[in-house]
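File shown here: model.txt, holding compact mmCIF, C-alpha atoms and all ligand atoms.
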# COMPACT_ATOMS: atom_id res chain seq x y z
CA MET A 10 -0.57 -21.98 6.90
CA THR A 11 -3.94 -23.60 7.64
CA SER A 12 -7.07 -21.58 7.04
CA ASP A 13 -8.18 -21.91 10.66
CA GLU A 14 -4.93 -20.52 12.03
CA ILE A 15 -5.79 -17.43 14.01
CA VAL A 16 -4.50 -14.24 12.47
CA LYS A 17 -3.85 -11.76 15.21
CA TYR A 18 -2.58 -8.92 13.06
CA ILE A 19 -5.03 -7.42 10.57
CA TYR A 20 -4.44 -4.11 8.81
CA LYS A 21 -6.46 -1.87 6.57
CA ILE A 22 -4.43 -0.43 3.72
CA LEU A 23 -5.48 2.10 1.09
CA LEU A 24 -4.25 2.27 -2.48
CA LEU A 25 -4.18 5.88 -3.65
CA GLY A 26 -3.05 7.57 -6.83
CA ASP A 27 -4.28 8.93 -10.13
CA PRO A 28 -6.42 6.82 -12.44
CA GLY A 29 -4.34 4.63 -14.74
CA VAL A 30 -1.23 4.30 -12.56
CA GLY A 31 -1.91 0.59 -11.98
CA LYS A 32 -3.54 0.40 -8.54
CA THR A 33 -6.02 -2.32 -9.51
CA SER A 34 -3.35 -4.18 -11.47
CA LEU A 35 -0.99 -4.16 -8.47
CA LEU A 36 -3.72 -5.46 -6.19
CA ILE A 37 -4.66 -8.26 -8.58
CA ARG A 38 -0.99 -9.13 -9.08
CA PHE A 39 -0.45 -9.27 -5.33
CA VAL A 40 -3.57 -11.25 -4.45
CA ASP A 41 -3.97 -13.54 -7.49
CA ASN A 42 -0.50 -13.31 -9.05
CA THR A 43 -1.96 -12.49 -12.46
CA PHE A 44 -2.01 -9.54 -14.83
CA ASP A 45 -5.21 -9.63 -16.81
CA PRO A 46 -5.66 -6.76 -19.27
CA GLN A 47 -9.34 -7.70 -19.60
CA TYR A 48 -10.39 -6.81 -16.05
CA LYS A 49 -12.89 -4.03 -15.63
CA SER A 50 -11.85 -0.68 -14.23
CA THR A 51 -12.69 -0.17 -10.57
CA ILE A 52 -16.29 0.63 -9.97
CA GLY A 53 -16.87 2.41 -6.68
CA VAL A 54 -14.75 1.14 -3.81
CA ASN A 55 -13.57 -2.44 -3.40
CA PHE A 56 -11.14 -4.42 -1.34
CA LEU A 57 -9.22 -7.69 -1.45
CA THR A 58 -7.44 -9.49 1.36
CA LYS A 59 -4.32 -11.59 1.58
CA ILE A 60 -2.40 -13.16 4.44
CA VAL A 61 1.37 -12.73 4.28
CA LYS A 62 4.15 -13.90 6.54
CA ALA A 63 5.95 -10.97 8.06
CA PHE A 64 9.20 -11.19 9.98
CA ASP A 65 8.84 -10.11 13.59
CA GLU A 66 12.14 -8.45 14.53
CA GLU A 67 11.37 -8.58 18.21
CA GLU A 68 10.62 -12.29 18.51
CA LYS A 69 12.73 -13.34 15.50
CA ASP A 70 9.96 -15.39 13.94
CA GLU A 71 7.35 -14.99 11.24
CA LYS A 72 3.84 -13.81 11.98
CA ALA A 73 0.75 -14.26 9.85
CA VAL A 74 -0.48 -10.80 8.92
CA LYS A 75 -3.73 -10.18 7.08
CA LEU A 76 -3.78 -7.21 4.74
CA VAL A 77 -7.16 -5.79 3.80
CA ILE A 78 -6.34 -3.65 0.80
CA TRP A 79 -8.82 -1.11 -0.49
CA ASP A 80 -8.80 0.05 -4.07
CA ILE A 81 -10.53 3.30 -4.83
CA ALA A 82 -11.73 4.57 -8.18
CA GLY A 83 -10.04 7.84 -9.13
CA GLN A 84 -13.27 9.77 -9.32
CA ALA A 85 -14.03 8.93 -5.68
CA ARG A 86 -11.40 11.51 -4.74
CA ALA A 87 -14.14 14.10 -4.91
CA ALA A 88 -16.90 11.98 -3.42
CA SER A 89 -18.63 12.82 -0.18
CA TYR A 90 -18.19 9.31 1.26
CA ARG A 91 -14.42 9.48 0.94
CA HIS A 92 -13.88 9.97 4.68
CA LEU A 93 -15.47 6.53 5.24
CA TYR A 94 -12.93 4.98 2.96
CA TYR A 95 -10.06 6.57 4.85
CA ARG A 96 -11.40 5.71 8.29
CA ALA A 97 -9.22 3.40 10.38
CA ALA A 98 -6.61 2.95 7.64
CA GLU A 99 -3.26 1.96 9.10
CA GLY A 100 -1.27 1.91 5.89
CA ILE A 101 -1.34 3.95 2.71
CA ILE A 102 0.18 2.94 -0.60
CA LEU A 103 0.70 5.92 -2.89
CA VAL A 104 1.11 4.78 -6.46
CA PHE A 105 2.45 6.72 -9.41
CA ASP A 106 3.38 5.67 -12.93
CA VAL A 107 7.10 6.19 -13.69
CA THR A 108 6.19 6.96 -17.33
CA ASN A 109 3.67 9.66 -16.35
CA PRO A 110 5.06 12.77 -14.60
CA SER A 111 1.65 14.23 -13.79
CA SER A 112 0.79 11.11 -11.79
CA PHE A 113 3.97 11.71 -9.79
CA TYR A 114 3.22 15.39 -9.14
CA SER A 115 -0.31 14.43 -8.00
CA LEU A 116 1.07 12.43 -5.11
CA SER A 117 1.45 15.48 -2.88
CA HIS A 118 -2.31 16.09 -3.17
CA TRP A 119 -3.08 12.46 -2.43
CA VAL A 120 -0.84 12.45 0.61
CA SER A 121 -2.13 15.69 2.12
CA ASP A 122 -5.70 14.55 1.58
CA ALA A 123 -5.01 11.19 3.19
CA LEU A 124 -3.08 12.58 6.15
CA SER A 125 -5.88 15.01 6.93
CA LYS A 126 -8.30 12.09 7.25
CA THR A 127 -6.27 9.31 8.87
CA GLN A 128 -4.82 8.82 12.34
CA PRO A 129 -1.29 10.04 13.07
CA GLY A 130 1.24 7.25 12.66
CA THR A 131 -0.20 5.86 9.43
CA ILE A 132 2.56 4.03 7.57
CA ILE A 133 3.13 5.28 4.03
CA THR A 134 4.62 3.40 1.10
CA VAL A 135 5.38 5.06 -2.23
CA LEU A 136 5.38 2.84 -5.31
CA GLY A 137 6.67 3.88 -8.71
CA ASN A 138 4.87 1.44 -11.00
CA LYS A 139 5.31 0.33 -14.66
CA ILE A 140 9.09 -0.05 -14.49
CA ASP A 141 8.83 -2.51 -17.39
CA LEU A 142 8.33 0.57 -19.61
CA PRO A 143 10.82 3.38 -20.45
CA ARG A 144 10.63 5.72 -17.50
CA ILE A 145 10.47 9.52 -17.23
CA ILE A 146 10.55 9.90 -13.46
CA SER A 147 13.89 8.72 -12.07
CA ARG A 148 14.39 6.53 -9.05
CA ASP A 149 16.10 9.48 -7.30
CA GLU A 150 13.07 11.72 -7.82
CA GLY A 151 10.73 9.04 -6.50
CA TYR A 152 12.93 8.30 -3.53
CA GLY A 153 13.40 12.02 -2.81
CA PHE A 154 9.66 12.56 -2.65
CA ALA A 155 9.18 9.50 -0.43
CA ARG A 156 11.77 10.83 2.03
CA GLN A 157 10.21 14.26 2.02
CA ILE A 158 6.83 12.89 3.13
CA HIS A 159 8.43 10.53 5.69
CA SER A 160 7.35 7.47 3.78
CA ALA A 161 8.54 4.23 5.41
CA VAL A 162 9.15 2.55 2.07
CA TYR A 163 9.99 3.55 -1.49
CA SER A 164 9.83 0.80 -4.04
CA GLU A 165 9.53 0.42 -7.81
CA THR A 166 7.24 -2.19 -9.27
CA SER A 167 5.74 -3.70 -12.36
CA ALA A 168 2.27 -5.15 -12.00
CA LYS A 169 2.79 -6.52 -15.51
CA THR A 170 5.89 -8.63 -14.76
CA GLY A 171 5.24 -8.89 -11.03
CA ARG A 172 8.61 -7.39 -10.16
CA ASN A 173 8.82 -6.23 -6.52
CA VAL A 174 5.06 -6.42 -5.99
CA GLU A 175 4.86 -9.13 -3.32
CA LYS A 176 8.00 -7.81 -1.64
CA SER A 177 6.61 -4.25 -1.39
CA PHE A 178 3.42 -5.39 0.33
CA LYS A 179 5.41 -7.64 2.63
CA VAL A 180 7.73 -4.83 3.70
CA LEU A 181 4.72 -2.66 4.49
CA ALA A 182 3.25 -5.56 6.53
CA GLU A 183 6.51 -5.74 8.48
CA PHE A 184 6.41 -2.02 9.29
CA LEU A 185 2.79 -2.35 10.44
CA LEU A 186 3.67 -5.35 12.58
CA LYS A 187 6.59 -3.48 14.12
CA ARG A 188 4.29 -0.59 14.99
CA SER A 189 1.73 -2.94 16.60
CA LYS A 190 4.42 -4.62 18.67
CA LYS A 191 5.64 -1.23 19.84
CA MET A 192 2.12 -0.27 20.86
CA GLU A 193 1.63 -3.62 22.66
CA GLY A 194 4.86 -2.91 24.53
CA LEU A 195 3.62 0.53 25.57
CA ARG A 196 0.34 -0.92 26.83
CA GLU A 197 2.16 -3.60 28.85
CA ASN A 198 4.38 -0.99 30.44
CA HIS A 199 1.34 0.91 31.63
CA GLN A 200 -0.44 -2.03 33.24
P1 LIG B 1 -5.73 2.16 -11.85
O1 LIG B 1 -6.43 1.08 -11.09
O2 LIG B 1 -4.72 2.88 -11.02
O3 LIG B 1 -6.67 3.09 -12.53
P2 LIG B 1 -5.10 0.04 -13.71
O4 LIG B 1 -4.86 1.45 -13.01
O5 LIG B 1 -4.65 -1.07 -12.83
O6 LIG B 1 -6.50 -0.02 -14.22
O7 LIG B 1 -4.07 0.12 -14.90
C1 LIG B 1 -4.17 1.13 -15.90
C2 LIG B 1 -3.49 0.65 -17.19
O8 LIG B 1 -2.10 0.46 -16.95
C3 LIG B 1 -4.01 -0.69 -17.70
O9 LIG B 1 -3.86 -0.69 -19.10
C4 LIG B 1 -3.01 -1.68 -17.13
O10 LIG B 1 -2.95 -2.86 -17.88
C5 LIG B 1 -1.72 -0.88 -17.24
N1 LIG B 1 -0.72 -1.26 -16.25
C6 LIG B 1 -0.87 -1.36 -14.90
N2 LIG B 1 0.28 -1.69 -14.32
C7 LIG B 1 1.20 -1.82 -15.30
C8 LIG B 1 2.59 -2.15 -15.34
O11 LIG B 1 3.26 -2.40 -14.32
N3 LIG B 1 3.20 -2.15 -16.56
C9 LIG B 1 2.52 -1.86 -17.72
N4 LIG B 1 3.21 -1.89 -18.87
N5 LIG B 1 1.21 -1.55 -17.73
C10 LIG B 1 0.57 -1.53 -16.53
P3 LIG B 1 -5.11 -0.56 -20.09
O12 LIG B 1 -4.49 -0.60 -21.43
O13 LIG B 1 -5.98 -1.74 -19.79
O14 LIG B 1 -5.76 0.76 -19.75
MG MG B 2 -8.43 0.85 -10.72
The structure in this file should be written as structure tokens.
Amino acid sequence: MTSDEIVKYIYKILLLGDPGVGKTSLLIRFVDNTFDPQYKSTIGVNFLTKIVKAFDEEEKDEKAVKLVIWDIAGQARAASYRHLYYRAAEGIILVFDVTNPSSFYSLSHWVSDALSKTQPGTIITVLGNKIDLPRIISRDEGYGFARQIHSAVYSETSAKTGRNVEKSFKVLAEFLLKRSKKMEGLRENHQ
């Protein structure tokens, strides 16, 4: 893909979850394909972008999709500017640590907070991270929660080894693309 190729589909995605679950590590793994234990913890709010190729089911081809992924520091959960962070988000990635049950139980707070501040139709992904370590939360528990909150995707990842990271972001991009195409179709039908 050349850098001057026009990217028609651009989505804002939020990474949410307790401090320490691996949000920043997942983002760095996805964007730079590295796992650097020396990086600094997130200060304030930051984002990174990456263009992925997403399969367009309708036209049976691949589309360039730009993901603008926001990483939020845990403490910002209580901050007064939080609504700005949530504004116009089209996708939410809820991250928990499969070795840390309290990070899993926190997800219901993260999701209700996010849904109260985002537009209806936001696509949710749930990621159980750190699967390179001995887990406490089972895949069934993770998947059960994801179904309960109508999450489009449930996936298990390791930012350390890279397992499933790229794939999880790509699947979310495909859901977002599908939703855009559906909305384009609706607009065309009303013209
Ligand atoms: P956060 O951004 O959600 O707060 P971080 O989480 O990305 O800062 O990660 C918190 C700690 O978990 C870091 O360890 C990081 O290296 C580790 N970590 C993140 N993802 C994984 C993973 O998939 N597997 C393993 N084994 N560790 C992971 P430190 O020691 O730097 O606090
Ligand atoms: Mg972080």
Radius query 7 Å about (-4.7, -11.2, 8.8), atoms used: only C-alpha atoms, as number ranges by chain: A: 16-19, 60, 73-76
Within 10 Å of ligand LIG 1 (chain B) (only C-alpha atoms and all ligand atoms), residues as an MDAnalysis selection string: chainID A and resid 24:38 44:52 80:84 104:108 112 137:143 165:172 174
Top pick for closest residue to ligand MG 2 (chain B), considering A:Thr43, A:Ser189, A:Asn198, A:Asn55 and counting all atoms listed in the file: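 For ligand MG 2 (chain B), the nearest of the candidates is A:Asn55.
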Surrounding residues of Glu183 of chain A excluding itself and chain neighbours under 4 positions, 12 Å, only C-alpha atoms, as an NGL selection string: :A and (18-20 or 61-67 or 70-76 or 100 or 132 or 134 or 161-162 or 176-179 or 187-190)
Go ahead and save the residues from that selection, with C-alpha atoms, as a PDB file, keeping the file's coordinate frame.
ATOM      1  CA  TYR A  18      -2.580  -8.920  13.060  1.00  0.00           C
ATOM      2  CA  ILE A  19      -5.030  -7.420  10.570  1.00  0.00           C
ATOM      3  CA  TYR A  20      -4.440  -4.110   8.810  1.00  0.00           C
ATOM      4  CA  VAL A  61       1.370 -12.730   4.280  1.00  0.00           C
ATOM      5  CA  LYS A  62       4.150 -13.900   6.540  1.00  0.00           C
ATOM      6  CA  ALA A  63       5.950 -10.970   8.060  1.00  0.00           C
ATOM      7  CA  PHE A  64       9.200 -11.190   9.980  1.00  0.00           C
ATOM      8  CA  ASP A  65       8.840 -10.110  13.590  1.00  0.00           C
ATOM      9  CA  GLU A  66      12.140  -8.450  14.530  1.00  0.00           C
ATOM     10  CA  GLU A  67      11.370  -8.580  18.210  1.00  0.00           C
ATOM     11  CA  ASP A  70       9.960 -15.390  13.940  1.00  0.00           C
ATOM     12  CA  GLU A  71       7.350 -14.990  11.240  1.00  0.00           C
ATOM     13  CA  LYS A  72       3.840 -13.810  11.980  1.00  0.00           C
ATOM     14  CA  ALA A  73       0.750 -14.260   9.850  1.00  0.00           C
ATOM     15  CA  VAL A  74      -0.480 -10.800   8.920  1.00  0.00           C
ATOM     16  CA  LYS A  75      -3.730 -10.180   7.080  1.00  0.00           C
ATOM     17  CA  LEU A  76      -3.780  -7.210   4.740  1.00  0.00           C
ATOM     18  CA  GLY A 100      -1.270   1.910   5.890  1.00  0.00           C
ATOM     19  CA  ILE A 132       2.560   4.030   7.570  1.00  0.00           C
ATOM     20  CA  THR A 134       4.620   3.400   1.100  1.00  0.00           C
ATOM     21  CA  ALA A 161       8.540   4.230   5.410  1.00  0.00           C
ATOM     22  CA  VAL A 162       9.150   2.550   2.070  1.00  0.00           C
ATOM     23  CA  LYS A 176       8.000  -7.810  -1.640  1.00  0.00           C
ATOM     24  CA  SER A 177       6.610  -4.250  -1.390  1.00  0.00           C
ATOM     25  CA  PHE A 178       3.420  -5.390   0.330  1.00  0.00           C
ATOM     26  CA  LYS A 179       5.410  -7.640   2.630  1.00  0.00           C
ATOM     27  CA  LYS A 187       6.590  -3.480  14.120  1.00  0.00           C
ATOM     28  CA  ARG A 188       4.290  -0.590  14.990  1.00  0.00           C
ATOM     29  CA  SER A 189       1.730  -2.940  16.600  1.00  0.00           C
ATOM     30  CA  LYS A 190       4.420  -4.620  18.670  1.00  0.00           C
TER      31      LYS A 190
END
From A:Val135, A:Ala98, A:Leu186, A:Leu57, residue lying nearest Trp119 of chain A [only C-alpha atoms]: A:Val135
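If you look at atom CA of Ser115 of chain A and atom CA of Val180 of chain A, they are 23.9 Å away from each other.
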d(atom CA of Asp41 of chain A, atom CA of Lys69 of chain A) in Å: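 That distance, rounded to one decimal, is 28.4 Å.
Reported to one decimal place, the separation of atom CA of Asn173 of chain A from atom CA of Trp79 of chain A is 19.3 Å.
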Which of A:Leu136, A:Ile15, A:Phe56, A:Gly151 sits closest to ligand MG 2 (chain B) [using only C-alpha atoms and all ligand atoms]: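 Nearest to ligand MG 2 (chain B): A:Phe56.
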Radius query 9 Å about (-7.6, 9.7, 10.9), atoms used: only C-alpha atoms, as a ChimeraX atom specification: /A:92,95-98,123-129,131
